[in-house]
Amino acid sequence: MTELKNLKEEWKAIMSCMGCGDCGYSIRRAVGRYLTCPVKESKGEEGFEIYFSRGRMNVLKSVLEGKLPLSRELAEFVYQCTECANCTEVCHETHNENIILNTSKWIDHYKVWDALRKDLVEAGFAPLDRHKDLVDYMNNDAMKNPYGEDFAKKFEWASDFSNIKEKGDLVFFAGCTMPLRQQDTLKNMMKILIASGMEMALSKDEWCCGSIGARIGEYKSVDELMKHNLDLFKNMGAKTVFTACAGCYRTLKKDYPELLGEELPFEVKHITEVLVELLNNNKIPFKPEEGEKLKVTYHDPCHLGRHMDLYEIPREVIAKIPGVELIEMKRNRKHAWCCGAGGGVKSQFPDLSKDISKERIREAVESGADILTTSCPFCIGNFRDGYEEIEPEIKEKIQVIDVIDFIASKLK
Ligand code: SF4
Ligand code: SF4
């Protein structure tokens with residue numbers, strides 16, 4: 001029997017699950033019958049208990065009671081969860097606001113899944129194969145990114161911009177996904193900032209934030225990465241660090257202080273928080289509005305929305321773009337359907353990720369939107385992969401575009 005050190009700390013949360021099943025599907029006034037767990041739904045007829053929160057909690061009760069050991073087989077199920085936290089939202093609210101159930105309001109599902117993943121890693125049943133590769137790449141001195149690319153490649157995009165400073169109050173943390181997979185979006189971000197007269201610093205020695213390590217419960221590597229990045233920010237004189245990646249945002253703003261046990265000596269912002277200030281001060285020079293308004297819908301990345309409560313600022317940004325009518329998908333804000341990429345699912349179970357993203361693209365089309373936008377390179381990458389495989393009649397109705405690219409397309 002393994003030690004179960006982390007799971008034991010969550011025993012009250014696990015035991016308080018009353019088995020209502022809302023985390024499978026629920027009824028909410030705002031959205032009607034509301035499918036909650038993207039993994040359960042994507043599994044279709046195979047979407048048994050183990051694929052959503054209620055079944056997972058039951059399994060964990062048996063694990064804590066010593067009836068079921070941790071195992072590699074169990075890990076294969078456990079990691080088929082995007083850690084989207086949609087189950088937490090429904091678990092914490094009853095279907096009728098006048099009914100107060102004395103049950104599960106304080107289950108933090110993310111913390112339970114995280115504890116389980118940590119124990120699986122400590123017991124040697126995880127990381128799973130692909131996750132292990134990513135952690136190895138992250139720890140490799142010639143890489144320091146989970147994509148297995150050369151370290152220097154991450155900064156190639158920046159060579160076009162001689163105005164990027166080495167030190168300063170405002171530091172940009174580029175992360176790994178955009179510099180290695182979506183360089184054009186980073187270049188577009190620079191065009192917007194330059195057109196707005198904004199200056200920023202970037203270190204060409206930043207390492208991966210460690211998000212993938214934290215999400216899969218492999219925290220040893222996160223510690224080293226975090227300390228390195230925090231030293232960099234300090235030496236650069238950072239008062240604010242901003243990032244265009246929802247995963248980096250959560251890791252820097254939430255995980256780093258929790259791991260350190262103290263506040264960070266600088267503020268962490270997401271790019272949409274930077275953009276909204278520029279827009280409010282009329283600093284972004286747009287082309288004049290022409291033609292009919294485009295209907296644009298916004299997908300809430302889980303790492304911005306449910307994980308960090310950043311729902312309205314990205315919407316404020318989009319609503320201020322000339323020629324845009326912002327409309328909502330049926331499941332939005334805290335009810336938003338996950339894109340399918342998080343929690344290490346994209347790397348280890350790519351088909352599951354794509355399935356979930358296709359469902360979200362279809363939902364965007366149902367809303368009547370011409371454009372599905374979001375502000376996370378991970379969501380964008382997964383939507384693009386889903387989009388490639390989706391029915392042509394869906395494809396022709398909608399485009400998928402990062403908020404940054406959309407704004408850049410409207411610059412004077
Ligand atoms: S909604 Fe909460 S209490 Fe109900 S089954 Fe799911 S985890 Fe348990
Ligand atoms: S976190 Fe998301 S994917 Fe995981 S069990 Fe909850 S609803 Fe399902």
# chains A, B, ... in the order shown; residues from 1 in each chain; ligands from 1
$ select_by_dssp --residues "range 197-365 of chain A" --states "strand (DSSP E or B)" --output "MDAnalysis selection string"
chainID A and resid 201 240:243 267:270 286 294:298 324:327
$ write_last_selection --atoms "C-alpha atoms" --output "JSON list (two decimals), in the first residue's frame"
[["chain", "number", "residue", "atom", "x", "y", "z"],
["A", 201, "ALA", "CA", 11.25, 43.89, -21.32],
["A", 240, "THR", "CA", 4.46, 43.71, -13.43],
["A", 241, "VAL", "CA", 4.88, 40.46, -15.36],
["A", 242, "PHE", "CA", 2.37, 39.76, -18.09],
["A", 243, "THR", "CA", 1.78, 36.75, -20.28],
["A", 267, "GLU", "CA", 1.91, 41.82, -10.09],
["A", 268, "VAL", "CA", 0.95, 39.18, -12.66],
["A", 269, "LYS", "CA", -1.34, 40.16, -15.53],
["A", 270, "HIS", "CA", -2.84, 38.42, -18.51],
["A", 286, "PHE", "CA", -7.88, 51.01, -35.19],
["A", 294, "LEU", "CA", -19.04, 40.62, -37.29],
["A", 295, "LYS", "CA", -20.62, 38.35, -34.72],
["A", 296, "VAL", "CA", -17.85, 37.23, -32.39],
["A", 297, "THR", "CA", -18.12, 34.75, -29.53],
["A", 298, "TYR", "CA", -15.56, 34.27, -26.78],
["A", 324, "VAL", "CA", -17.73, 43.62, -33.52],
["A", 325, "GLU", "CA", -20.93, 42.36, -31.99],
["A", 326, "LEU", "CA", -20.03, 40.17, -29.04],
["A", 327, "ILE", "CA", -22.44, 37.26, -28.62]]
$ residues_around --residues "Asp169 in chain A" --least-positions-apart "2" --cutoff "12 Å" --atoms "only C-alpha atoms" --output "VMD selection string"
chain A and resid 165 to 167 171 to 172 198 to 202 233 to 242 265 to 268
$ residues_near_ligand --ligand "ligand 2" --cutoff "7 Å" --atoms "only C-alpha atoms and all ligand atoms" --output "PyMOL selection string"
chain A and resi 23+36-40+51-53+81-88+109-110
$ residues_near_ligand --ligand "ligand 1" --cutoff "7 Å" --atoms "only C-alpha atoms and all ligand atoms" --output "CSV table (one decimal) with N, CA and C atoms, in the first residue's frame"
chain,number,residue,atom,x,y,z
A,16,SER,N,-17.1,13.8,1.3
A,16,SER,CA,-18.4,14.6,1.4
A,16,SER,C,-19.1,14.5,0.0
A,17,CYS,N,-18.6,13.9,-1.0
A,17,CYS,CA,-19.3,13.7,-2.2
A,17,CYS,C,-20.6,12.9,-1.9
A,18,MET,N,-21.8,13.4,-2.2
A,18,MET,CA,-23.0,12.7,-1.9
A,18,MET,C,-23.6,11.9,-3.0
A,19,GLY,N,-22.8,11.9,-4.2
A,19,GLY,CA,-23.2,11.0,-5.3
A,19,GLY,C,-24.4,11.5,-6.0
A,20,CYS,N,-24.7,12.9,-6.0
A,20,CYS,CA,-25.9,13.4,-6.7
A,20,CYS,C,-25.8,13.3,-8.2
A,21,GLY,N,-24.6,13.3,-8.8
A,21,GLY,CA,-24.4,13.2,-10.2
A,21,GLY,C,-24.5,14.4,-11.0
A,22,ASP,N,-24.7,15.6,-10.3
A,22,ASP,CA,-24.7,16.9,-11.0
A,22,ASP,C,-23.4,17.0,-11.9
A,23,CYS,N,-22.3,16.5,-11.4
A,23,CYS,CA,-21.1,16.6,-12.2
A,23,CYS,C,-21.1,15.8,-13.5
A,53,SER,N,-16.7,13.1,-12.3
A,53,SER,CA,-16.3,13.3,-10.9
A,53,SER,C,-16.9,12.4,-9.9
A,54,ARG,N,-18.2,12.1,-10.0
A,54,ARG,CA,-18.8,11.2,-9.0
A,54,ARG,C,-18.1,9.9,-9.0
A,57,MET,N,-14.7,10.2,-7.4
A,57,MET,CA,-14.8,10.3,-5.9
A,57,MET,C,-15.0,8.9,-5.3
A,87,CYS,N,-16.9,20.5,-12.9
A,87,CYS,CA,-17.6,19.8,-11.9
A,87,CYS,C,-17.7,20.6,-10.6
A,88,THR,N,-16.6,21.4,-10.3
A,88,THR,CA,-16.7,22.2,-9.1
A,88,THR,C,-17.8,23.2,-9.1
A,90,VAL,N,-20.7,23.1,-10.7
A,90,VAL,CA,-22.1,22.6,-10.4
A,90,VAL,C,-22.2,22.0,-9.0
A,91,CYS,N,-21.1,21.4,-8.6
A,91,CYS,CA,-21.1,20.8,-7.2
A,91,CYS,C,-21.3,21.9,-6.2
A,103,THR,N,-23.9,19.8,1.7
A,103,THR,CA,-23.2,18.7,1.2
A,103,THR,C,-21.7,19.1,0.8
A,104,SER,N,-21.6,19.5,-0.4
A,104,SER,CA,-20.3,19.5,-1.0
A,104,SER,C,-19.7,20.8,-1.4
$ residues_around --residues "Pro146 in chain A" --least-positions-apart "5" --cutoff "8 Å" --atoms "only C-alpha atoms" --output "compact mmCIF listing (two decimals) with N, CA and C atoms, in the first residue's frame"
# COMPACT_ATOMS: atom_id res chain seq x y z
N ASP A 133 7.98 12.29 -21.23
CA ASP A 133 8.79 12.96 -22.27
C ASP A 133 8.78 14.48 -22.04
N LEU A 134 7.58 15.01 -21.79
CA LEU A 134 7.47 16.47 -21.65
C LEU A 134 8.27 16.97 -20.44
N VAL A 135 8.19 16.20 -19.35
CA VAL A 135 8.94 16.60 -18.15
C VAL A 135 10.44 16.51 -18.43
N ASP A 136 10.85 15.47 -19.14
CA ASP A 136 12.27 15.33 -19.47
C ASP A 136 12.75 16.51 -20.33
N TYR A 137 11.93 16.90 -21.29
CA TYR A 137 12.29 18.05 -22.15
C TYR A 137 12.40 19.32 -21.30
N MET A 138 11.44 19.48 -20.39
CA MET A 138 11.42 20.68 -19.56
C MET A 138 12.68 20.78 -18.69
N CYS A 176 6.10 28.98 -23.55
CA CYS A 176 6.65 28.07 -24.57
C CYS A 176 5.72 27.89 -25.77
N CYS A 208 10.53 27.40 -19.16
CA CYS A 208 9.10 27.02 -19.06
C CYS A 208 8.58 27.38 -17.67
N ILE A 212 2.97 22.29 -17.14
CA ILE A 212 2.67 20.88 -17.43
C ILE A 212 3.07 19.99 -16.26
$ closest_residue --among "A:Ser375, A:Lys111, A:Ile271, A:Asn6" --to "Ile192 in chain A" --atoms "only C-alpha atoms"
A:Ile271
$ closest_residue --among "A:Leu225, A:Leu170, A:Leu74, A:Cys376" --to "Asn140 in chain A" --atoms "only C-alpha atoms"
A:Leu225
$ residues_around --residues "Asp402 in chain A" --least-positions-apart "3" --cutoff "6 Å" --atoms "only C-alpha atoms" --output "list in words"
Thr373, Thr374, Ser375 and Asp405 of chain A
$ closest_residue --among "A:Gln182, A:Tyr219, A:Lys287, A:Gly210" --to "Ile380 in chain A" --atoms "only C-alpha atoms"
A:Gln182
$ residues_around --residues "Lys61 in chain A" --least-positions-apart "2" --cutoff "12 Å" --atoms "only C-alpha atoms" --output "PyMOL selection string"
chain A and resi 7-8+10-19+54-59+63-70+112+116
$ write_last_selection --atoms "C-alpha atoms" --output "short mmCIF file (atom, residue, chain, number, x, y, z; two decimals), in the first residue's frame"
data_model
loop_
_atom_site.label_atom_id
_atom_site.label_comp_id
_atom_site.auth_asym_id
_atom_site.auth_seq_id
_atom_site.Cartn_x
_atom_site.Cartn_y
_atom_site.Cartn_z
CA LEU A 7 -4.93 12.19 -0.88
CA LYS A 8 -5.25 11.78 2.87
CA GLU A 10 -8.26 15.69 0.93
CA TRP A 11 -10.20 12.95 2.69
CA LYS A 12 -12.94 15.26 3.96
CA ALA A 13 -13.58 16.58 0.47
CA ILE A 14 -13.65 13.08 -1.01
CA MET A 15 -15.95 11.66 1.65
CA SER A 16 -18.36 14.58 1.36
CA CYS A 17 -19.35 13.73 -2.21
CA MET A 18 -22.98 12.70 -1.87
CA GLY A 19 -23.23 11.05 -5.27
CA ARG A 54 -18.84 11.20 -9.04
CA GLY A 55 -17.21 7.94 -10.11
CA ARG A 56 -13.74 9.30 -9.47
CA MET A 57 -14.76 10.31 -5.94
CA ASN A 58 -16.16 6.81 -5.33
CA VAL A 59 -12.94 5.25 -6.54
CA VAL A 63 -8.52 3.91 -2.32
CA LEU A 64 -8.57 5.71 1.03
CA GLU A 65 -10.36 2.77 2.66
CA GLY A 66 -7.59 0.47 1.45
CA LYS A 67 -9.91 -1.54 -0.81
CA LEU A 68 -8.32 -0.41 -4.09
CA PRO A 69 -4.59 0.18 -4.60
CA LEU A 70 -3.15 2.92 -6.78
CA VAL A 112 -8.45 16.42 -5.12
CA LEU A 116 -4.24 12.06 -6.58
#
$ closest_residue --among "A:Ala115, A:Ile284, A:Met178, A:Leu193" --to "Ala214 in chain A" --atoms "only C-alpha atoms"
A:Ala115
$ select_by_dssp --residues "range 271-402 of chain A" --states "helix (DSSP H, G or I)" --output "number ranges by chain"
A: 271-280, 312-319, 333-335, 345-348, 350-366, 377-389, 392-395
$ closest_residue --among "A:Glu393, A:Phe77, A:Arg28, A:Gly247" --to "Glu93 in chain A" --atoms "only C-alpha atoms"
A:Arg28
$ atom_distance --atom1 "CA of Arg33 in chain A" --atom2 "CA of Ile394 in chain A"
23.4 Å
